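Enquirer: Questions regarding the structure given below will be posed in turn.
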Amino acid sequence: MSGHASVEERVGQVRADVAGLHAELVRYGLVAWTAGNVSGRVPGTEFFVIKPSGVAYEDLTAGNMILCTLDGTPVPGTSGAELAPSSDTAAHAYVYRHMPDVGGVVHTHSTYATAWAARGEPVPCVLTAMADEFGGEIPVGPFAVIGDDSIGRGIVSTLTGHRSRAVLMRNHGPFTVGRDARDAVKAAVMLEDAARTVHLSRQLGEPVPLDPGHIDALFHRYQNVYGQPAAAPSASAAAAPTTSRSA
């Protein structure tokens with residue numbers, strides 16, 4: 001998104017991105033009914049965009065996304081402000097206030113990741129794909145009530161100082177963060193894939209752990225070397241983010 005775009009243009013782009021990305025949660029089987037949510041920070045502002053509460057995914061549009069201040073309050077007079085925002089809005093707002101590098105937050109109840117959350121057990125880093133994406137295990141956050149910023153506090157306290165972009169909130173489900181909303185959705189997809197694979201491997205026996213040195217090397221390679229250079233985007237760059245972490 002151009003740094004020269006007006007605030008209105010940036011808000012409009014994030015509205016469109018966040019609305020469209022909810023379809024990816026459905027596409028990858030990460031949500032049921034109206035559960036789950038995606039939000040995105042509006043670059044260079046004190047706003048973020050989140051979906052309305054309890055609205056069917058097929059009915060989500062850029063126009064009914066809700067623009068909020070970083071305290072989680074809908075901005076009066078803006079499109080969608082007449083709707084109640086997601087019940088996780090306070091949690092997302094807390095993350096944005098306390099993790100300034102985060103530009104997107106996603107919550108799902110994806111089956112395998114949520115099963116690990118129900119056990120209160122971290123997903124161990126036994127796959128190179130986990131080392132690539134998360135730099136280690138997927139940690140467990142504390143149990144927290146829904147509706148205030150308690151979940152956000154748990155997310156921030158768990159992920160601060162941790163390389164993982166995903167946390168399993170105990171007895172609840174996964175939250176992921178990213179540099180923007182698309183990156184956070186990718187983390188949610190990769191988390192569920194890892195949680196499923198590690199679960200299946202444990203049905204066969206105890207998974208073989210990765211050496212910490214190999215985890216570090218894999219994480220560094222994937223975050224800094226893998227993919228196409230940002231300065232030389234492919235012909236499909238308009239449809240996909242130019243980042244070294246794009247799969």
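Residues are referred to by chain and number: the chain letter is A, B, ... according to the order shown in the structure tokens, the number counts from 1 in that chain, and ligands are numbered separately from 1 in the order shown.
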Once you count only C-alpha atoms, what closest atom pair and distance in Å to one decimal does each residue of segment 55-87 of chain A within 10 Å of segment 29-37 of chain A have, with rows by chain and rising residue number, as a tab-separated table?

Expert:
residue	atom	partner	partner_atom	distance
A:Val55	CA	A:Thr34	CA	6.3
A:Ala56	CA	A:Thr34	CA	5.5
A:Tyr57	CA	A:Thr34	CA	6.4
A:Glu58	CA	A:Thr34	CA	9.8
A:Ser86	CA	A:Asn37	CA	7.3
A:Ser87	CA	A:Asn37	CA	9.3

Enquirer: I need the strand (DSSP E) residues of segment 158-201 of chain A per DSSP on the backbone, written as a list of chain:residue names.

Expert: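 After running DSSP on the backbone, segment 158-201 of chain A has strand (DSSP E) at A:Ala166, A:Val167, A:Leu168, A:Met169, A:Gly173, A:Pro174, A:Phe175, A:Thr176, A:Val177, A:Gly178.
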
Enquirer: With only C-alpha atoms counted and 8 Å as the cut-off, give the residues of segment 50-157 of chain A in contact with segment 169-172 of chain A, each with its shortest interatomic distance in Å and the pair that gives it, as a tab-separated table.

Expert:
residue	atom	partner	partner_atom	distance
A:His109	CA	A:His172	CA	7.5
A:Thr114	CA	A:His172	CA	6.7
A:Ala117	CA	A:Arg170	CA	4.8
A:Ala118	CA	A:Asn171	CA	4.3
A:Arg119	CA	A:Asn171	CA	7.4
A:Gly120	CA	A:Arg170	CA	5.2
A:Val140	CA	A:Met169	CA	5.8
A:Gly141	CA	A:Met169	CA	4.5
A:Pro142	CA	A:Arg170	CA	5.5
A:Phe143	CA	A:Arg170	CA	4.8
A:Ala144	CA	A:Met169	CA	7.7
A:Ile151	CA	A:Met169	CA	7.8
A:Gly154	CA	A:Met169	CA	7.6
A:Ile155	CA	A:Met169	CA	7.6

Enquirer: Take the residues from that selection and put them in a file with C-alpha atoms, as a tab-separated table (two decimals), in the first residue's frame.

Expert:
chain	number	residue	atom	x	y	z
A	109	HIS	CA	-11.49	-22.30	16.13
A	114	THR	CA	-8.12	-25.89	19.05
A	117	ALA	CA	-5.57	-25.58	23.06
A	118	ALA	CA	-8.15	-27.73	24.84
A	119	ARG	CA	-5.31	-29.87	26.19
A	120	GLY	CA	-3.34	-26.78	27.18
A	140	VAL	CA	-0.08	-21.92	24.98
A	141	GLY	CA	-1.59	-18.74	26.40
A	142	PRO	CA	-3.66	-18.50	29.59
A	143	PHE	CA	-7.38	-19.06	29.84
A	144	ALA	CA	-9.15	-15.71	29.47
A	151	ILE	CA	-7.52	-12.39	25.74
A	154	GLY	CA	-2.76	-13.20	27.24
A	155	ILE	CA	-1.73	-13.01	23.58

Enquirer: In segment 55-150 of chain A, what's alpha helix (DSSP H) per DSSP? Answer as a PyMOL selection string?

Expert: chain A and resi 89-98+111-119+128-134+150

Enquirer: So which residues touch Gly136 of chain A within 9 Å, counting only C-alpha atoms, skipping near sequence neighbours fewer than 3 positions away, as a list in words?

Expert: Pro124, Cys125, Val126, Met130, Ala131, Asp132, Glu133, Pro139, His162, Arg163, Ser164, Pro212, Ile215, Asp216 and Phe219 of chain A

Enquirer: Would you work out the distance separating atom CA of Pro122 of chain A from atom CA of Val49 of chain A, expressed in Å to one decimal?

Expert: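 Separation of atom CA of Pro122 of chain A and atom CA of Val49 of chain A: 29.7 Å.
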
Enquirer: With only C-alpha atoms as the counted atoms, please give the residues lying no more than 7 Å from Val38 of chain A, apart from itself and same-chain residues fewer than 5 positions off, as a ChimeraX atom specification.

Expert: /A:18,22,50-51,105-107,181

Enquirer: Grab the residues selected above and save them as a PDB file, in the first residue's frame with all heavy atoms.

Expert:
ATOM      1  N   VAL A  18      -9.576  -7.002   4.443  1.00  0.00           N
ATOM      2  CA  VAL A  18     -10.089  -7.749   5.592  1.00  0.00           C
ATOM      3  C   VAL A  18     -11.367  -8.495   5.220  1.00  0.00           C
ATOM      4  O   VAL A  18     -11.547  -9.672   5.571  1.00  0.00           O
ATOM      5  CB  VAL A  18     -10.304  -6.809   6.794  1.00  0.00           C
ATOM      6  CG1 VAL A  18     -11.085  -7.506   7.904  1.00  0.00           C
ATOM      7  CG2 VAL A  18      -8.952  -6.332   7.328  1.00  0.00           C
ATOM      8  N   HIS A  22     -11.642 -13.029   4.936  1.00  0.00           N
ATOM      9  CA  HIS A  22     -12.501 -13.958   5.674  1.00  0.00           C
ATOM     10  C   HIS A  22     -12.860 -15.172   4.825  1.00  0.00           C
ATOM     11  O   HIS A  22     -13.054 -16.274   5.357  1.00  0.00           O
ATOM     12  CB  HIS A  22     -13.764 -13.246   6.167  1.00  0.00           C
ATOM     13  CG  HIS A  22     -13.524 -12.398   7.373  1.00  0.00           C
ATOM     14  ND1 HIS A  22     -13.143 -11.080   7.294  1.00  0.00           N
ATOM     15  CD2 HIS A  22     -13.583 -12.694   8.706  1.00  0.00           C
ATOM     16  CE1 HIS A  22     -12.990 -10.594   8.517  1.00  0.00           C
ATOM     17  NE2 HIS A  22     -13.252 -11.550   9.387  1.00  0.00           N
ATOM     18  N   ILE A  50     -12.229  -4.394  11.569  1.00  0.00           N
ATOM     19  CA  ILE A  50     -12.597  -5.734  12.020  1.00  0.00           C
ATOM     20  C   ILE A  50     -14.020  -6.043  11.547  1.00  0.00           C
ATOM     21  O   ILE A  50     -14.786  -5.124  11.232  1.00  0.00           O
ATOM     22  CB  ILE A  50     -12.479  -5.847  13.557  1.00  0.00           C
ATOM     23  CG1 ILE A  50     -12.472  -7.310  14.006  1.00  0.00           C
ATOM     24  CG2 ILE A  50     -13.572  -5.033  14.269  1.00  0.00           C
ATOM     25  CD1 ILE A  50     -12.031  -7.500  15.462  1.00  0.00           C
ATOM     26  N   LYS A  51     -14.371  -7.310  11.521  1.00  0.00           N
ATOM     27  CA  LYS A  51     -15.693  -7.677  11.022  1.00  0.00           C
ATOM     28  C   LYS A  51     -16.772  -7.462  12.084  1.00  0.00           C
ATOM     29  O   LYS A  51     -16.487  -7.422  13.280  1.00  0.00           O
ATOM     30  CB  LYS A  51     -15.701  -9.137  10.559  1.00  0.00           C
ATOM     31  CG  LYS A  51     -15.883 -10.194  11.642  1.00  0.00           C
ATOM     32  CD  LYS A  51     -16.018 -11.558  10.995  1.00  0.00           C
ATOM     33  CE  LYS A  51     -16.290 -12.674  12.003  1.00  0.00           C
ATOM     34  NZ  LYS A  51     -17.641 -12.642  12.553  1.00  0.00           N
ATOM     35  N   VAL A 105      -4.423  -9.385  12.828  1.00  0.00           N
ATOM     36  CA  VAL A 105      -4.718 -10.375  13.865  1.00  0.00           C
ATOM     37  C   VAL A 105      -5.833 -11.278  13.348  1.00  0.00           C
ATOM     38  O   VAL A 105      -6.790 -10.795  12.724  1.00  0.00           O
ATOM     39  CB  VAL A 105      -5.170  -9.705  15.187  1.00  0.00           C
ATOM     40  CG1 VAL A 105      -5.476 -10.762  16.247  1.00  0.00           C
ATOM     41  CG2 VAL A 105      -4.100  -8.739  15.695  1.00  0.00           C
ATOM     42  N   VAL A 106      -5.703 -12.577  13.599  1.00  0.00           N
ATOM     43  CA  VAL A 106      -6.710 -13.545  13.173  1.00  0.00           C
ATOM     44  C   VAL A 106      -7.039 -14.469  14.336  1.00  0.00           C
ATOM     45  O   VAL A 106      -6.149 -14.892  15.084  1.00  0.00           O
ATOM     46  CB  VAL A 106      -6.207 -14.382  11.973  1.00  0.00           C
ATOM     47  CG1 VAL A 106      -7.165 -15.546  11.671  1.00  0.00           C
ATOM     48  CG2 VAL A 106      -6.044 -13.509  10.741  1.00  0.00           C
ATOM     49  N   HIS A 107      -8.329 -14.793  14.460  1.00  0.00           N
ATOM     50  CA  HIS A 107      -8.775 -15.789  15.437  1.00  0.00           C
ATOM     51  C   HIS A 107      -9.635 -16.818  14.728  1.00  0.00           C
ATOM     52  O   HIS A 107     -10.504 -16.466  13.929  1.00  0.00           O
ATOM     53  CB  HIS A 107      -9.586 -15.123  16.550  1.00  0.00           C
ATOM     54  CG  HIS A 107     -10.243 -16.094  17.485  1.00  0.00           C
ATOM     55  ND1 HIS A 107      -9.561 -17.153  18.056  1.00  0.00           N
ATOM     56  CD2 HIS A 107     -11.523 -16.182  17.929  1.00  0.00           C
ATOM     57  CE1 HIS A 107     -10.385 -17.835  18.831  1.00  0.00           C
ATOM     58  NE2 HIS A 107     -11.590 -17.277  18.758  1.00  0.00           N
ATOM     59  N   ALA A 181      -2.904  -8.145   7.583  1.00  0.00           N
ATOM     60  CA  ALA A 181      -3.963  -9.139   7.768  1.00  0.00           C
ATOM     61  C   ALA A 181      -3.694 -10.402   6.965  1.00  0.00           C
ATOM     62  O   ALA A 181      -3.931 -11.520   7.452  1.00  0.00           O
ATOM     63  CB  ALA A 181      -5.310  -8.524   7.385  1.00  0.00           C
TER      64      ALA A 181
END

Enquirer: Between atom CA of Gly104 of chain A and atom CA of Val198 of chain A, what is the distance, to one decimal in Å?

Expert: 25.9 Å

Enquirer: With distances taken over only C-alpha atoms, which residue among A:Asn64, A:Thr158, A:Thr176, A:Thr45 lies nearest Ala19 of chain A?

Expert: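 Checking each of A:Asn64, A:Thr158, A:Thr176, A:Thr45 against Ala19 of chain A, counting only C-alpha atoms, the winner is A:Asn64.
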
Enquirer: Using Å and a single decimal, report how far atom CA of Thr73 of chain A sits from atom CA of Val26 of chain A.

Expert: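 These atoms are spaced 27.0 Å apart.
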
Enquirer: Measuring between only C-alpha atoms, which one of A:Gly161, A:Gly103, A:Pro76, A:Pro229 shows the shortest distance to Val185 of chain A?

Expert: A:Gly103

Enquirer: Would you pick out the contacts of Ala91 of chain A at 8 Å or less, using only C-alpha atoms, so that residues sharing its chain but fewer than 4 positions from it are not included, and give the list as a ChimeraX atom specification?

Expert: /A:95,147-153

Enquirer: Would you save the residues from that selection as a PDB file, in the first residue's frame, using N, CA, C and O atoms?

Expert:
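Result file is again12.pdb:
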ATOM      1  N   VAL A  95      -3.845  -5.972  21.358  1.00  0.00           N
ATOM      2  CA  VAL A  95      -2.657  -6.417  20.626  1.00  0.00           C
ATOM      3  C   VAL A  95      -2.072  -5.271  19.810  1.00  0.00           C
ATOM      4  O   VAL A  95      -0.852  -5.024  19.838  1.00  0.00           O
ATOM      5  N   GLY A 147     -14.698 -10.991  25.586  1.00  0.00           N
ATOM      6  CA  GLY A 147     -15.490  -9.775  25.644  1.00  0.00           C
ATOM      7  C   GLY A 147     -14.752  -8.553  26.133  1.00  0.00           C
ATOM      8  O   GLY A 147     -15.136  -7.428  25.820  1.00  0.00           O
ATOM      9  N   ASP A 148     -13.669  -8.750  26.907  1.00  0.00           N
ATOM     10  CA  ASP A 148     -12.850  -7.602  27.304  1.00  0.00           C
ATOM     11  C   ASP A 148     -11.440  -7.826  26.766  1.00  0.00           C
ATOM     12  O   ASP A 148     -11.242  -8.636  25.864  1.00  0.00           O
ATOM     13  N   ASP A 149     -10.453  -7.113  27.316  1.00  0.00           N
ATOM     14  CA  ASP A 149      -9.106  -7.235  26.757  1.00  0.00           C
ATOM     15  C   ASP A 149      -8.280  -8.347  27.389  1.00  0.00           C
ATOM     16  O   ASP A 149      -7.074  -8.443  27.147  1.00  0.00           O
ATOM     17  N   SER A 150      -8.915  -9.233  28.175  1.00  0.00           N
ATOM     18  CA  SER A 150      -8.166 -10.311  28.842  1.00  0.00           C
ATOM     19  C   SER A 150      -7.463 -11.217  27.842  1.00  0.00           C
ATOM     20  O   SER A 150      -6.313 -11.627  28.054  1.00  0.00           O
ATOM     21  N   ILE A 151      -8.145 -11.550  26.751  1.00  0.00           N
ATOM     22  CA  ILE A 151      -7.518 -12.395  25.736  1.00  0.00           C
ATOM     23  C   ILE A 151      -6.327 -11.668  25.111  1.00  0.00           C
ATOM     24  O   ILE A 151      -5.261 -12.255  24.906  1.00  0.00           O
ATOM     25  N   GLY A 152      -6.504 -10.393  24.813  1.00  0.00           N
ATOM     26  CA  GLY A 152      -5.397  -9.617  24.259  1.00  0.00           C
ATOM     27  C   GLY A 152      -4.200  -9.596  25.176  1.00  0.00           C
ATOM     28  O   GLY A 152      -3.045  -9.707  24.730  1.00  0.00           O
ATOM     29  N   ARG A 153      -4.452  -9.448  26.472  1.00  0.00           N
ATOM     30  CA  ARG A 153      -3.345  -9.461  27.433  1.00  0.00           C
ATOM     31  C   ARG A 153      -2.614 -10.796  27.398  1.00  0.00           C
ATOM     32  O   ARG A 153      -1.369 -10.850  27.457  1.00  0.00           O
TER      33      ARG A 153
END

Enquirer: May I have the residues within 10 Å of Val102 of chain A as number ranges by chain, using only C-alpha atoms and disregarding those fewer than 3 positions away in the same chain?

Expert: A: 40-41, 95-99, 105, 165, 177-181, 183-184

Enquirer: Considering only C-alpha atoms, return as a list in words whatever protein or nucleic-acid residues lie within 6 Å of Phe47 of chain A, sequence-local ones (same chain, fewer than 2 positions apart) excluded.

Expert: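 The residues that qualify are Val42, Thr45, Cys68, Thr69 and Leu70 of chain A.
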
Enquirer: Mind writing the picked residues with C-alpha atoms as a compact mmCIF listing (two decimals), in the first residue's frame?

Expert:
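Final output, saved to out.txt:
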# COMPACT_ATOMS: atom_id res chain seq x y z
CA VAL A 42 -4.70 0.87 8.82
CA THR A 45 -3.05 5.71 11.51
CA CYS A 68 -12.25 1.18 15.14
CA THR A 69 -9.84 3.30 17.11
CA LEU A 70 -7.05 1.48 18.93

Enquirer: When distances are computed from only C-alpha atoms, which of A:Ser110, A:Ser53, A:Thr61, A:Ser6 shows the smallest separation from Leu191 of chain A?

Expert: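 Using only C-alpha atoms, the shortest distance to Leu191 of chain A belongs to A:Ser110.
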